[in-house]
file work_16.csv (CSV, C-alpha atoms)
chain,number,residue,atom,x,y,z
A,1102,MET,CA,11.2,2.5,-42.6
A,1103,SER,CA,10.9,6.3,-43.4
A,1104,SER,CA,11.9,9.0,-41.0
A,1105,SER,CA,8.2,9.7,-40.4
A,1106,GLY,CA,7.6,6.1,-39.7
A,1107,HIS,CA,10.3,6.0,-37.1
A,1108,LEU,CA,8.8,9.2,-35.6
A,1109,VAL,CA,5.4,7.6,-35.3
A,1110,GLU,CA,6.9,4.5,-33.7
A,1111,ASP,CA,8.8,6.5,-31.2
A,1112,ILE,CA,5.7,8.4,-30.3
A,1113,LEU,CA,3.7,5.2,-29.9
A,1114,ARG,CA,6.5,3.8,-27.6
A,1115,ARG,CA,6.3,6.9,-25.5
A,1116,ILE,CA,2.5,6.7,-25.2
A,1117,PHE,CA,2.6,3.0,-24.3
A,1118,SER,CA,5.2,3.7,-21.6
A,1119,LEU,CA,3.0,6.5,-20.1
A,1120,ILE,CA,0.0,4.1,-20.1
A,1121,LYS,CA,2.0,1.5,-18.3
A,1122,ASP,CA,3.3,3.8,-15.7
A,1123,GLY,CA,0.0,5.6,-15.1
A,1124,ASP,CA,-3.2,4.7,-13.3
A,1125,ALA,CA,-4.9,3.7,-16.5
A,1126,GLN,CA,-8.1,1.7,-17.0
A,1127,TRP,CA,-6.3,-1.2,-18.5
A,1128,LEU,CA,-5.6,-2.4,-14.9
A,1129,SER,CA,-9.2,-3.5,-14.8
A,1130,HIS,CA,-8.6,-6.0,-17.6
A,1131,TRP,CA,-6.4,-8.2,-15.5
A,1132,VAL,CA,-3.7,-8.5,-18.2
A,1133,ALA,CA,-0.4,-6.9,-18.9
A,1134,VAL,CA,-0.6,-3.7,-20.9
A,1135,GLY,CA,1.5,-5.4,-23.6
A,1136,MET,CA,-1.2,-8.0,-24.1
A,1137,ILE,CA,-3.8,-5.4,-24.8
A,1138,ILE,CA,-1.6,-3.3,-27.1
A,1139,SER,CA,-0.5,-6.4,-29.1
A,1140,ARG,CA,-4.1,-7.1,-30.0
A,1141,VAL,CA,-4.9,-3.8,-31.7
A,1142,SER,CA,-2.9,-3.9,-34.9
A,1143,SER,CA,0.2,-5.6,-36.5
A,1144,GLN,CA,2.2,-2.4,-36.0
A,1145,TRP,CA,1.3,-2.1,-32.3
A,1146,ARG,CA,1.9,-5.8,-31.8
A,1147,ALA,CA,5.4,-5.5,-33.3
A,1148,ILE,CA,6.2,-2.6,-30.9
A,1149,ALA,CA,4.7,-4.5,-27.9
A,1150,LEU,CA,6.7,-7.7,-28.6
A,1151,ASP,CA,9.9,-5.6,-28.9
A,1152,ASP,CA,9.5,-3.8,-25.6
A,1153,SER,CA,9.8,-6.1,-22.5
A,1154,SER,CA,8.9,-3.2,-20.2
A,1155,LEU,CA,5.2,-3.6,-21.3
A,1156,TRP,CA,5.1,-7.1,-19.9
A,1157,THR,CA,6.1,-6.6,-16.3
A,1158,GLU,CA,2.6,-6.6,-14.7
A,1159,ILE,CA,1.3,-10.0,-13.8
A,1160,PHE,CA,-2.3,-10.3,-12.6
A,1161,ILE,CA,-3.4,-13.5,-10.8
A,1162,GLY,CA,-7.2,-13.6,-10.4
A,1163,HIS,CA,-10.3,-15.5,-11.5
A,1164,THR,CA,-9.4,-15.2,-15.2
A,1165,SER,CA,-5.8,-16.2,-14.8
A,1166,SER,CA,-4.4,-19.0,-16.9
A,1167,PRO,CA,-0.9,-20.7,-16.7
A,1168,GLY,CA,-0.5,-20.1,-20.5
A,1169,MET,CA,-0.9,-16.4,-20.3
A,1170,THR,CA,1.3,-16.2,-17.2
A,1171,ARG,CA,4.1,-18.0,-19.0
A,1172,THR,CA,3.7,-15.7,-22.0
A,1173,VAL,CA,4.0,-12.6,-19.9
A,1174,LEU,CA,7.0,-13.9,-17.9
A,1175,LYS,CA,8.8,-14.9,-21.1
A,1176,ARG,CA,8.2,-11.5,-22.8
A,1177,SER,CA,9.3,-9.6,-19.6
A,1178,ALA,CA,12.8,-10.9,-20.2
A,1179,GLU,CA,14.7,-10.3,-16.9
A,1180,ARG,CA,12.9,-7.1,-15.9
A,1181,ASN,CA,11.5,-6.5,-12.4
A,1182,LEU,CA,8.0,-7.6,-12.0
A,1183,ARG,CA,4.8,-6.1,-10.5
A,1184,ILE,CA,2.7,-9.0,-9.0
A,1185,ILE,CA,-1.0,-8.4,-8.4
A,1186,PHE,CA,-3.3,-10.9,-6.7
A,1187,ARG,CA,-7.1,-10.1,-6.7
A,1188,VAL,CA,-9.4,-12.7,-5.1
A,1189,SER,CA,-13.1,-12.0,-5.1
A,1190,GLU,CA,-15.5,-13.1,-2.3
A,1191,ASP,CA,-17.0,-15.9,-4.4
A,1192,MET,CA,-13.5,-17.3,-4.9
A,1193,GLY,CA,-12.5,-17.2,-1.3
A,1194,GLY,CA,-15.6,-17.3,0.9
A,1195,LEU,CA,-16.0,-19.5,3.9
A,1196,PRO,CA,-15.4,-22.3,3.9
A,1197,PHE,CA,-12.3,-22.0,1.7
A,1198,HIS,CA,-11.7,-25.1,-0.4
A,1199,GLY,CA,-8.7,-23.8,-2.3
A,1200,PHE,CA,-8.2,-22.2,-5.7
A,1201,SER,CA,-8.8,-23.7,-9.1
A,1202,THR,CA,-6.0,-25.7,-10.6
A,1203,SER,CA,-5.2,-22.9,-13.2
A,1204,PHE,CA,-5.0,-20.3,-10.4
A,1205,GLU,CA,-2.6,-22.5,-8.4
A,1206,LEU,CA,-0.4,-23.2,-11.5
A,1207,ALA,CA,-0.3,-19.5,-12.4
A,1208,MET,CA,0.6,-18.7,-8.8
A,1209,HIS,CA,3.5,-21.2,-8.7
A,1210,LEU,CA,4.9,-19.8,-12.0
A,1211,VAL,CA,5.2,-16.3,-10.5
A,1212,MET,CA,6.6,-17.7,-7.2
A,1213,ASP,CA,9.4,-19.2,-9.2
A,1214,LYS,CA,10.3,-15.7,-10.3
A,1215,SER,CA,10.2,-14.1,-6.8
A,1216,ALA,CA,13.7,-12.9,-7.1
A,1217,ARG,CA,12.5,-10.4,-9.8
A,1218,TRP,CA,9.5,-9.0,-7.9
A,1219,LYS,CA,9.6,-5.3,-7.5
A,1220,SER,CA,6.1,-4.9,-6.0
A,1221,PHE,CA,3.6,-7.3,-4.6
A,1222,SER,CA,-0.1,-6.6,-3.9
A,1223,VAL,CA,-2.9,-8.8,-2.6
A,1224,VAL,CA,-6.5,-7.8,-2.1
A,1225,SER,CA,-8.4,-10.9,-0.8
A,1226,PRO,CA,-10.7,-12.4,1.9
A,1227,PHE,CA,-9.1,-14.0,4.9
A,1228,PHE,CA,-8.3,-17.5,3.9
A,1229,PRO,CA,-7.0,-16.9,0.4
A,1230,LEU,CA,-4.8,-14.1,1.7
A,1231,LEU,CA,-3.5,-16.4,4.4
A,1232,HIS,CA,-2.7,-19.1,1.8
A,1233,ILE,CA,-1.0,-16.6,-0.6
A,1234,SER,CA,1.0,-15.0,2.1
A,1235,LYS,CA,2.3,-18.3,3.4
A,1236,MET,CA,3.6,-19.2,-0.1
A,1237,VAL,CA,5.2,-15.8,-0.5
A,1238,SER,CA,6.9,-16.1,2.9
A,1239,GLN,CA,8.8,-19.2,1.7
A,1240,VAL,CA,10.5,-17.4,-1.2
A,1241,PRO,CA,13.3,-14.8,-1.3
A,1242,LEU,CA,12.3,-11.2,-2.3
A,1243,PRO,CA,15.6,-9.5,-2.8
A,1244,ARG,CA,14.3,-6.8,-5.2
A,1245,LEU,CA,11.0,-6.0,-3.5
A,1246,GLU,CA,10.4,-2.3,-2.9
A,1247,SER,CA,6.6,-2.3,-2.2
A,1248,MET,CA,4.1,-4.6,-0.6
A,1249,GLU,CA,0.3,-4.3,-0.2
A,1250,LEU,CA,-1.7,-6.7,1.9
A,1251,VAL,CA,-5.4,-5.9,2.1
A,1252,ARG,CA,-8.3,-8.0,3.6
A,1253,SER,CA,-11.4,-7.5,1.6
A,1254,ASP,CA,-13.7,-9.1,4.2
A,1255,THR,CA,-14.2,-8.1,7.9
A,1256,ALA,CA,-13.2,-10.4,10.7
A,1257,THR,CA,-10.2,-10.7,13.1
A,1258,THR,CA,-6.9,-9.3,12.1
A,1259,LEU,CA,-4.7,-11.6,9.9
A,1260,HIS,CA,-1.1,-12.3,10.9
A,1261,CYS,CA,1.2,-12.8,7.8
A,1262,GLY,CA,4.8,-13.6,7.2
A,1263,PRO,CA,7.6,-13.2,8.1
A,1264,PHE,CA,8.8,-12.2,4.6
A,1265,ARG,CA,12.3,-12.5,3.3
A,1266,LEU,CA,12.8,-8.8,2.5
A,1267,ASN,CA,15.9,-6.8,1.6
A,1268,SER,CA,15.7,-3.9,4.1
A,1269,THR,CA,18.0,-1.8,2.1
A,1270,ILE,CA,15.6,-1.4,-0.8
A,1271,PHE,CA,12.1,-2.1,0.8
A,1272,ARG,CA,10.4,1.3,0.8
A,1273,HIS,CA,6.6,1.1,0.8
A,1274,LEU,CA,4.2,-0.9,3.0
A,1275,VAL,CA,0.4,-1.0,2.9
A,1276,LEU,CA,-1.5,-3.1,5.5
A,1277,ASP,CA,-5.3,-3.2,5.9
A,1278,GLY,CA,-6.6,-5.7,8.4
A,1279,VAL,CA,-3.2,-7.4,8.4
A,1280,ILE,CA,-0.2,-7.5,10.8
A,1281,ILE,CA,3.2,-8.7,9.5
A,1282,ARG,CA,5.5,-10.8,11.6
A,1283,ARG,CA,9.1,-9.5,11.4
A,1284,MET,CA,12.3,-11.4,11.3
A,1285,ASP,CA,14.1,-8.7,13.3
A,1286,SER,CA,13.7,-5.1,14.4
A,1287,SER,CA,15.6,-3.7,11.4
A,1288,GLN,CA,13.6,-5.4,8.7
A,1289,PHE,CA,11.6,-2.2,8.0
A,1290,SER,CA,14.4,0.2,8.6
A,1291,GLY,CA,14.4,1.4,5.0
A,1292,LEU,CA,10.6,2.2,4.9
A,1293,ARG,CA,9.7,5.6,3.5
A,1294,SER,CA,5.9,5.2,3.2
A,1295,LEU,CA,3.7,3.3,5.6
A,1296,SER,CA,-0.1,2.9,5.5
A,1297,ILE,CA,-1.9,1.0,8.2
A,1298,ALA,CA,-5.7,0.4,8.5
A,1299,ASN,CA,-8.0,-1.7,10.6
A,1300,THR,CA,-5.4,-3.2,12.8
A,1301,ASP,CA,-3.6,-2.8,16.1
A,1302,LEU,CA,-0.7,-0.8,14.6
A,1303,TRP,CA,1.9,-3.1,16.0
A,1304,LEU,CA,4.1,-5.5,14.0
A,1305,LEU,CA,4.9,-8.8,15.5
A,1306,ASP,CA,8.5,-10.1,16.1
A,1307,GLU,CA,8.8,-13.6,14.8
A,1308,LYS,CA,11.7,-14.4,17.2
A,1309,ARG,CA,9.4,-14.0,20.2
A,1310,MET,CA,6.2,-15.4,18.9
A,1311,GLU,CA,6.5,-18.7,20.6
A,1312,SER,CA,6.7,-17.2,24.1
A,1313,TRP,CA,3.6,-15.0,23.7
A,1314,THR,CA,0.1,-15.8,24.8
A,1315,TYR,CA,-3.1,-13.8,24.6
A,1316,ALA,CA,-2.5,-12.8,28.2
A,1317,THR,CA,1.1,-11.6,27.6
A,1318,ILE,CA,0.9,-9.4,24.5
A,1319,PRO,CA,4.2,-7.6,24.3
A,1320,VAL,CA,4.5,-3.9,24.9
A,1321,GLN,CA,8.1,-3.6,23.6
A,1322,CYS,CA,7.9,-5.0,20.1
A,1323,VAL,CA,9.4,-2.0,18.4
A,1324,PRO,CA,10.3,-2.2,14.7
A,1325,THR,CA,12.8,0.3,13.5
A,1326,MET,CA,11.0,2.6,11.1
A,1327,THR,CA,12.7,5.9,11.7
A,1328,ASN,CA,13.0,6.8,8.0
A,1329,VAL,CA,9.2,6.9,7.3
A,1330,THR,CA,8.4,10.3,5.7
A,1331,HIS,CA,4.8,9.5,4.5
A,1332,LEU,CA,2.4,7.9,7.0
A,1333,SER,CA,-1.3,7.0,6.7
A,1334,ILE,CA,-3.4,5.6,9.6
A,1335,SER,CA,-7.0,4.6,9.2
A,1336,ALA,CA,-9.4,3.1,11.8
A,1337,PRO,CA,-6.8,2.1,14.4
A,1338,PHE,CA,-7.8,-0.2,17.2
A,1339,LEU,CA,-7.9,1.2,20.7
A,1340,THR,CA,-5.4,-1.5,22.0
A,1341,TYR,CA,-2.6,0.6,20.5
A,1342,ASP,CA,0.3,1.5,22.7
A,1343,PRO,CA,2.4,4.5,21.4
A,1344,ALA,CA,5.6,2.8,22.3
A,1345,ILE,CA,5.0,0.0,19.8
A,1346,LEU,CA,5.1,2.0,16.6
A,1347,SER,CA,8.6,3.3,16.5
A,1348,LEU,CA,8.7,6.3,14.1
A,1349,GLU,CA,10.7,9.5,14.0
A,1350,PRO,CA,8.0,12.1,13.9
A,1351,SER,CA,10.5,14.9,13.2
A,1352,ILE,CA,11.1,13.7,9.6
A,1353,LEU,CA,7.4,13.1,8.7
A,1354,VAL,CA,6.4,15.3,5.8
A,1355,SER,CA,3.0,13.8,4.9
A,1356,LEU,CA,0.4,12.6,7.3
A,1357,LYS,CA,-3.1,11.1,6.4
A,1358,LEU,CA,-5.6,10.3,9.2
A,1359,SER,CA,-9.0,8.7,8.5
A,1360,ARG,CA,-11.7,7.1,10.6
A,1361,ILE,CA,-10.1,8.2,13.8
A,1362,SER,CA,-12.5,8.0,16.7
A,1363,ALA,CA,-12.8,10.5,19.6
A,1364,ASP,CA,-12.1,7.6,22.0
A,1365,PHE,CA,-8.9,6.9,20.2
A,1366,LEU,CA,-7.8,10.5,20.4
A,1367,ARG,CA,-8.6,10.6,24.1
A,1368,HIS,CA,-6.8,7.4,25.1
A,1369,SER,CA,-3.8,7.5,22.8
A,1370,SER,CA,-1.0,10.1,22.5
A,1371,LEU,CA,-0.1,8.9,19.0
A,1372,ILE,CA,-1.8,11.7,17.0
A,1373,GLN,CA,-0.3,14.5,19.1
A,1374,LYS,CA,3.1,12.8,18.8
A,1375,LEU,CA,2.8,12.8,15.0
A,1376,LEU,CA,1.7,16.4,14.7
A,1377,THR,CA,5.1,18.0,14.3
A,1378,GLU,CA,5.8,21.5,13.0
A,1379,LYS,CA,7.8,20.0,10.1
A,1380,LEU,CA,4.7,18.5,8.4
A,1381,CYS,CA,4.2,19.7,4.8
A,1382,SER,CA,1.0,17.9,4.0
A,1383,LEU,CA,-2.0,16.9,6.2
A,1384,GLU,CA,-5.1,15.0,5.1
A,1385,LEU,CA,-8.1,14.2,7.4
A,1386,ALA,CA,-10.9,12.0,6.2
A,1387,ASP,CA,-14.1,10.4,7.6
A,1388,ILE,CA,-13.9,11.9,11.1
A,1389,ASP,CA,-17.1,12.6,13.0
A,1390,SER,CA,-17.8,16.0,14.7
A,1391,ALA,CA,-16.7,14.9,18.1
A,1392,ALA,CA,-13.3,13.6,16.9
A,1393,ALA,CA,-12.9,16.6,14.6
A,1394,ALA,CA,-13.4,19.1,17.5
A,1395,LEU,CA,-10.9,17.1,19.7
A,1396,PHE,CA,-8.4,17.0,16.8
A,1397,PHE,CA,-8.6,20.7,16.2
A,1398,SER,CA,-8.2,21.4,19.9
A,1399,PHE,CA,-4.7,19.7,19.6
A,1400,LEU,CA,-3.8,22.4,17.1
A,1401,GLN,CA,-4.7,25.5,19.1
A,1402,GLY,CA,-1.8,27.7,20.0
A,1403,ARG,CA,0.5,25.9,17.6
A,1404,THR,CA,2.0,27.0,14.3
A,1405,PHE,CA,2.9,24.6,11.5
A,1406,ALA,CA,5.2,26.8,9.4
A,1407,ARG,CA,6.0,24.3,6.7
A,1408,LEU,CA,2.6,22.9,6.0
A,1409,ASP,CA,1.3,24.1,2.6
A,1410,THR,CA,-1.3,21.4,1.8
A,1411,LEU,CA,-4.4,20.7,3.9
A,1412,THR,CA,-7.2,18.4,2.7
A,1413,VAL,CA,-10.3,17.8,4.8
A,1414,ARG,CA,-12.8,15.1,3.7
A,1415,PHE,CA,-15.7,15.9,6.0
A,1416,ASN,CA,-17.8,18.9,7.0
A,1417,ILE,CA,-15.7,20.9,9.6
A,1418,GLY,CA,-18.4,23.5,10.3
A,1419,GLY,CA,-16.8,26.4,12.1
A,1420,LEU,CA,-13.6,24.6,13.1
A,1421,ASP,CA,-11.6,26.4,10.4
A,1422,SER,CA,-11.7,29.8,11.9
A,1423,ASN,CA,-8.1,29.7,13.0
A,1424,ILE,CA,-6.7,27.8,10.0
A,1425,ARG,CA,-4.6,30.7,8.7
A,1426,SER,CA,-2.9,31.4,12.0
A,1427,ILE,CA,-2.2,27.7,12.6
A,1428,PHE,CA,-0.9,27.1,9.0
A,1429,PRO,CA,0.5,30.5,7.9
A,1430,LYS,CA,2.2,29.0,4.7
A,1431,LEU,CA,-1.0,27.2,3.6
A,1432,ILE,CA,-1.3,27.2,-0.2
A,1433,ASN,CA,-3.7,24.4,-1.0
A,1434,PHE,CA,-6.7,24.0,1.4
A,1435,SER,CA,-9.5,21.7,0.2
A,1436,ILE,CA,-12.7,20.7,1.9
A,1437,ILE,CA,-14.2,17.7,0.2
A,1438,THR,CA,-17.6,16.4,1.4
A,1439,PRO,CA,-19.8,13.8,-0.3
A,1440,ASN,CA,-21.8,16.6,-2.0
A,1441,CYS,CA,-19.2,19.2,-2.8
A,1442,HIS,CA,-15.6,20.0,-3.3
A,1443,HIS,CA,-14.5,23.4,-2.1
A,1444,ASP,CA,-11.0,24.9,-2.6
A,1445,ALA,CA,-10.8,27.3,0.4
A,1446,MET,CA,-7.7,29.1,-0.6
call {"tool": "encode", "arguments": {"input": "work_16.csv", "output": "structure tokens"}}
result
Amino acid sequence: MSSSGHLVEDILRRIFSLIKDGDAQWLSHWVAVGMIISRVSSQWRAIALDDSSLWTEIFIGHTSSPGMTRTVLKRSAERNLRIIFRVSEDMGGLPFHGFSTSFELAMHLVMDKSARWKSFSVVSPFFPLLHISKMVSQVPLPRLESMELVRSDTATTLHCGPFRLNSTIFRHLVLDGVIIRRMDSSQFSGLRSLSIANTDLWLLDEKRMESWTYATIPVQCVPTMTNVTHLSISAPFLTYDPAILSLEPSILVSLKLSRISADFLRHSSLIQKLLTEKLCSLELADIDSAAAALFFSFLQGRTFARLDTLTVRFNIGGLDSNIRSIFPKLINFSIITPNCHHDAM
């Protein structure tokens, strides 16, 4: 191959790597990026087959087949894997009669490689999510750094796990309509990023599950999460007790709050506890006028000297009159409403 040919190949490899690592549209195709690239031309196919990093995303959904899953696993060599489950309502509606045979076979193939999972994501209705999470709880996850469990339907909160995580490398957790049972209080000690939505904001302790009843919900079930620097809370339930979510607010650098009701702000001290002067980024979304007024009242008379980014995703009216005095180092101030996007700085 000529020097120009090598240069073209090097450029293509770099482009493919950027596509794989970015939030590209190929994700919607439910196949590894290497599979798409290999179908374009003989040159692209040769590059794709030679680069195992392009075969590390495995999608399990309505189009999954055991044959494709085996192919991707083989071509990924021994690299860490990103496992993504997407179950639609028509696959998992009530009553749930189980997955197709091909889906189950594909799922068992990736379960056999759980020791190589780097990230794991499920977006699913209640019963399929329960089924998948039970299977995952039975396998070791020594390399897992990130987990996302999202209920796509609306009903009672789903309890999952416990999972066999390595607390020294597990860094990112996203829960929506889901609560995780823990093996012990230190299992989430390495978390850096935590996002919780549509739940009670408390994580169950598996060791004490048998002694609990609905009448004796524990108030001291505190997971150690004192290394969390990025926190997102959306639509929390009013049953939350601030003692249950054990964080260290003084190290928070990024806080996102969405769908927080005025009632929650009145009855829980959580938000005031999290609003520390060391925050660098704050985002507020989908908050009604009553909650917004109450939230901004928490800020009066305070100064957040490190906060340089403020994003507000609702109409704040005249509530921003003291923004500059509250956030003197503010560089990026964006007000985003359904009809407009205004950069206020």
call {"tool": "axis_aligned_box", "arguments": {"input": "work_16.csv", "around": "segment 1265-1279 of chain A", "padding_each_side": "8 Å", "output": "AutoDock Vina command-line options"}}
result
--center_x 5.7 --center_y -5.6 --center_z 3.8 --size_x 40.6 --size_y 29.8 --size_z 25.2
call {"tool": "closest_residue", "arguments": {"input": "work_16.csv", "among": "A:Ala1406, A:Leu1245, A:Leu1230, A:Ala1392", "to": "Val1279 of chain A", "atoms": "only C-alpha atoms"}}
result
A:Leu1230
call {"tool": "closest_residue", "arguments": {"input": "work_16.csv", "among": "A:Val1141, A:Ile1161, A:Ile1372, A:Ala1207", "to": "Phe1396 of chain A", "atoms": "all atoms listed in the file"}}
result
A:Ile1372
call {"tool": "closest_residue", "arguments": {"input": "work_16.csv", "among": "A:Lys1235, A:His1331, A:Arg1171, A:Arg1187", "to": "Lys1214 of chain A", "atoms": "all atoms listed in the file"}}
result
A:Arg1171
call {"tool": "atom_distance", "arguments": {"input": "work_16.csv", "atom1": "atom CA of Pro1241 of chain A", "atom2": "atom CA of Leu1266 of chain A"}}
result
7.1 Å
call {"tool": "residues_around", "arguments": {"input": "work_16.csv", "residues": "segment 1366-1368 of chain A", "least_positions_apart": "4", "cutoff": "12 Å", "atoms": "only C-alpha atoms", "output": "list in words"}}
result
Ala1336, Pro1337, Phe1338, Leu1339, Thr1340, Tyr1341, Asp1342, Pro1343, Leu1358, Arg1360, Ile1361, Ser1362, Ile1372, Gln1373, Lys1374, Ile1388, Ala1391, Ala1392, Ala1393, Ala1394, Leu1395, Phe1396, Phe1397, Ser1398 and Phe1399 of chain A
call {"tool": "residues_around", "arguments": {"input": "work_16.csv", "residues": "Asn1416 of chain A", "least_positions_apart": "4", "cutoff": "8 Å", "atoms": "only C-alpha atoms", "output": "list in words"}}
result
Ile1436, Ile1437 and Thr1438 of chain A
call {"tool": "atom_distance", "arguments": {"input": "work_16.csv", "atom1": "atom CA of Ser1351 of chain A", "atom2": "atom CA of Ser1220 of chain A"}}
result
27.9 Å
call {"tool": "residues_around", "arguments": {"input": "work_16.csv", "residues": "Arg1217 of chain A", "least_positions_apart": "6", "cutoff": "7 Å", "atoms": "all atoms listed in the file", "output": "ChimeraX atom specification"}}
result
/A:1180-1182,1244
call {"tool": "write_last_selection", "arguments": {"input": "work_16.csv", "atoms": "C-alpha atoms", "output": "compact mmCIF listing (two decimals), in the coordinates of the input"}}
result
# COMPACT_ATOMS: atom_id res chain seq x y z
CA ARG A 1180 12.90 -7.10 -15.90
CA ASN A 1181 11.50 -6.50 -12.40
CA LEU A 1182 8.00 -7.60 -12.00
CA ARG A 1244 14.30 -6.80 -5.20
call {"tool": "residues_near_point", "arguments": {"input": "work_16.csv", "point": "(-5.0, -20.7, -2.0)", "cutoff": "6 Å", "atoms": "all atoms listed in the file", "output": "mmCIF file with C-alpha atoms, keeping the file's coordinate frame"}}
result
data_model
loop_
_atom_site.group_PDB
_atom_site.id
_atom_site.type_symbol
_atom_site.label_atom_id
_atom_site.label_comp_id
_atom_site.auth_asym_id
_atom_site.auth_seq_id
_atom_site.Cartn_x
_atom_site.Cartn_y
_atom_site.Cartn_z
ATOM 1 C CA GLY A 1199 -8.700 -23.800 -2.300
ATOM 2 C CA PHE A 1200 -8.200 -22.200 -5.700
ATOM 3 C CA PRO A 1229 -7.000 -16.900 0.400
ATOM 4 C CA HIS A 1232 -2.700 -19.100 1.800
ATOM 5 C CA ILE A 1233 -1.000 -16.600 -0.600
#
call {"tool": "residues_around", "arguments": {"input": "work_16.csv", "residues": "Pro1429 of chain A", "least_positions_apart": "6", "cutoff": "9 Å", "atoms": "only C-alpha atoms", "output": "PDB file with C-alpha atoms, keeping the file's coordinate frame"}}
result
ATOM      1  CA  THR A1404       2.000  27.000  14.300  1.00  0.00           C
ATOM      2  CA  PHE A1405       2.900  24.600  11.500  1.00  0.00           C
ATOM      3  CA  ALA A1406       5.200  26.800   9.400  1.00  0.00           C
ATOM      4  CA  ARG A1407       6.000  24.300   6.700  1.00  0.00           C
ATOM      5  CA  LEU A1408       2.600  22.900   6.000  1.00  0.00           C
ATOM      6  CA  ASP A1409       1.300  24.100   2.600  1.00  0.00           C
TER       7      ASP A1409
END
call {"tool": "closest_residue", "arguments": {"input": "work_16.csv", "among": "A:Leu1385, A:Ile1427, A:Met1248, A:Ile1432", "to": "Ile1281 of chain A", "atoms": "all atoms listed in the file"}}
result
A:Met1248
call {"tool": "closest_residue", "arguments": {"input": "work_16.csv", "among": "A:Leu1353, A:Val1251, A:Ala1386, A:Ala1363", "to": "Leu1332 of chain A", "atoms": "all atoms listed in the file"}}
result
A:Leu1353
call {"tool": "closest_residue", "arguments": {"input": "work_16.csv", "among": "A:Ile1148, A:Ala1216, A:Ile1270, A:Met1284", "to": "Glu1179 of chain A", "atoms": "all atoms listed in the file"}}
result
A:Ala1216
call {"tool": "residues_around", "arguments": {"input": "work_16.csv", "residues": "Met1212 of chain A", "least_positions_apart": "6", "cutoff": "12 Å", "atoms": "all atoms listed in the file", "output": "PyMOL selection string"}}
result
chain A and resi 1159+1161+1170+1174+1182+1184+1205-1206+1218+1221+1233-1242
call {"tool": "atom_distance", "arguments": {"input": "work_16.csv", "atom1": "atom CA of Ile1352 of chain A", "atom2": "atom CA of Arg1425 of chain A"}}
result
23.2 Å
call {"tool": "build_atoms", "arguments": {"input": "work_16.csv", "residues": "segment 1232-1242 of chain A", "atoms": "N, CA, C and O atoms", "output": "PDB file, keeping the file's coordinate frame"}}
result
ATOM      1  N   HIS A1232      -3.354 -18.062   2.641  1.00  0.00           N
ATOM      2  CA  HIS A1232      -2.700 -19.100   1.800  1.00  0.00           C
ATOM      3  C   HIS A1232      -1.626 -18.422   0.916  1.00  0.00           C
ATOM      4  O   HIS A1232      -0.496 -18.930   0.826  1.00  0.00           O
ATOM      5  N   ILE A1233      -1.952 -17.321   0.277  1.00  0.00           N
ATOM      6  CA  ILE A1233      -1.000 -16.600  -0.600  1.00  0.00           C
ATOM      7  C   ILE A1233       0.201 -16.128   0.184  1.00  0.00           C
ATOM      8  O   ILE A1233       1.360 -16.295  -0.228  1.00  0.00           O
ATOM      9  N   SER A1234      -0.072 -15.519   1.329  1.00  0.00           N
ATOM     10  CA  SER A1234       1.000 -15.000   2.100  1.00  0.00           C
ATOM     11  C   SER A1234       1.960 -16.042   2.646  1.00  0.00           C
ATOM     12  O   SER A1234       3.172 -15.832   2.753  1.00  0.00           O
ATOM     13  N   LYS A1235       1.417 -17.216   2.965  1.00  0.00           N
ATOM     14  CA  LYS A1235       2.300 -18.300   3.400  1.00  0.00           C
ATOM     15  C   LYS A1235       3.230 -18.755   2.293  1.00  0.00           C
ATOM     16  O   LYS A1235       4.404 -19.031   2.531  1.00  0.00           O
ATOM     17  N   MET A1236       2.707 -18.812   1.060  1.00  0.00           N
ATOM     18  CA  MET A1236       3.600 -19.200  -0.100  1.00  0.00           C
ATOM     19  C   MET A1236       4.642 -18.131  -0.313  1.00  0.00           C
ATOM     20  O   MET A1236       5.806 -18.460  -0.540  1.00  0.00           O
ATOM     21  N   VAL A1237       4.252 -16.872  -0.226  1.00  0.00           N
ATOM     22  CA  VAL A1237       5.200 -15.800  -0.500  1.00  0.00           C
ATOM     23  C   VAL A1237       6.281 -15.764   0.620  1.00  0.00           C
ATOM     24  O   VAL A1237       7.452 -15.454   0.349  1.00  0.00           O
ATOM     25  N   SER A1238       5.913 -16.111   1.843  1.00  0.00           N
ATOM     26  CA  SER A1238       6.900 -16.100   2.900  1.00  0.00           C
ATOM     27  C   SER A1238       7.989 -17.128   2.764  1.00  0.00           C
ATOM     28  O   SER A1238       9.025 -17.044   3.426  1.00  0.00           O
ATOM     29  N   GLN A1239       7.780 -18.079   1.871  1.00  0.00           N
ATOM     30  CA  GLN A1239       8.800 -19.200   1.700  1.00  0.00           C
ATOM     31  C   GLN A1239       9.762 -18.860   0.559  1.00  0.00           C
ATOM     32  O   GLN A1239      10.669 -19.658   0.322  1.00  0.00           O
ATOM     33  N   VAL A1240       9.614 -17.727  -0.125  1.00  0.00           N
ATOM     34  CA  VAL A1240      10.500 -17.400  -1.200  1.00  0.00           C
ATOM     35  C   VAL A1240      11.277 -16.128  -0.957  1.00  0.00           C
ATOM     36  O   VAL A1240      10.799 -15.252  -0.238  1.00  0.00           O
ATOM     37  N   PRO A1241      12.493 -15.988  -1.512  1.00  0.00           N
ATOM     38  CA  PRO A1241      13.300 -14.800  -1.300  1.00  0.00           C
ATOM     39  C   PRO A1241      12.685 -13.610  -2.136  1.00  0.00           C
ATOM     40  O   PRO A1241      12.189 -13.812  -3.244  1.00  0.00           O
ATOM     41  N   LEU A1242      12.764 -12.400  -1.594  1.00  0.00           N
ATOM     42  CA  LEU A1242      12.300 -11.200  -2.300  1.00  0.00           C
ATOM     43  C   LEU A1242      13.337 -10.127  -2.281  1.00  0.00           C
ATOM     44  O   LEU A1242      13.158  -9.040  -1.721  1.00  0.00           O
TER      45      LEU A1242
END
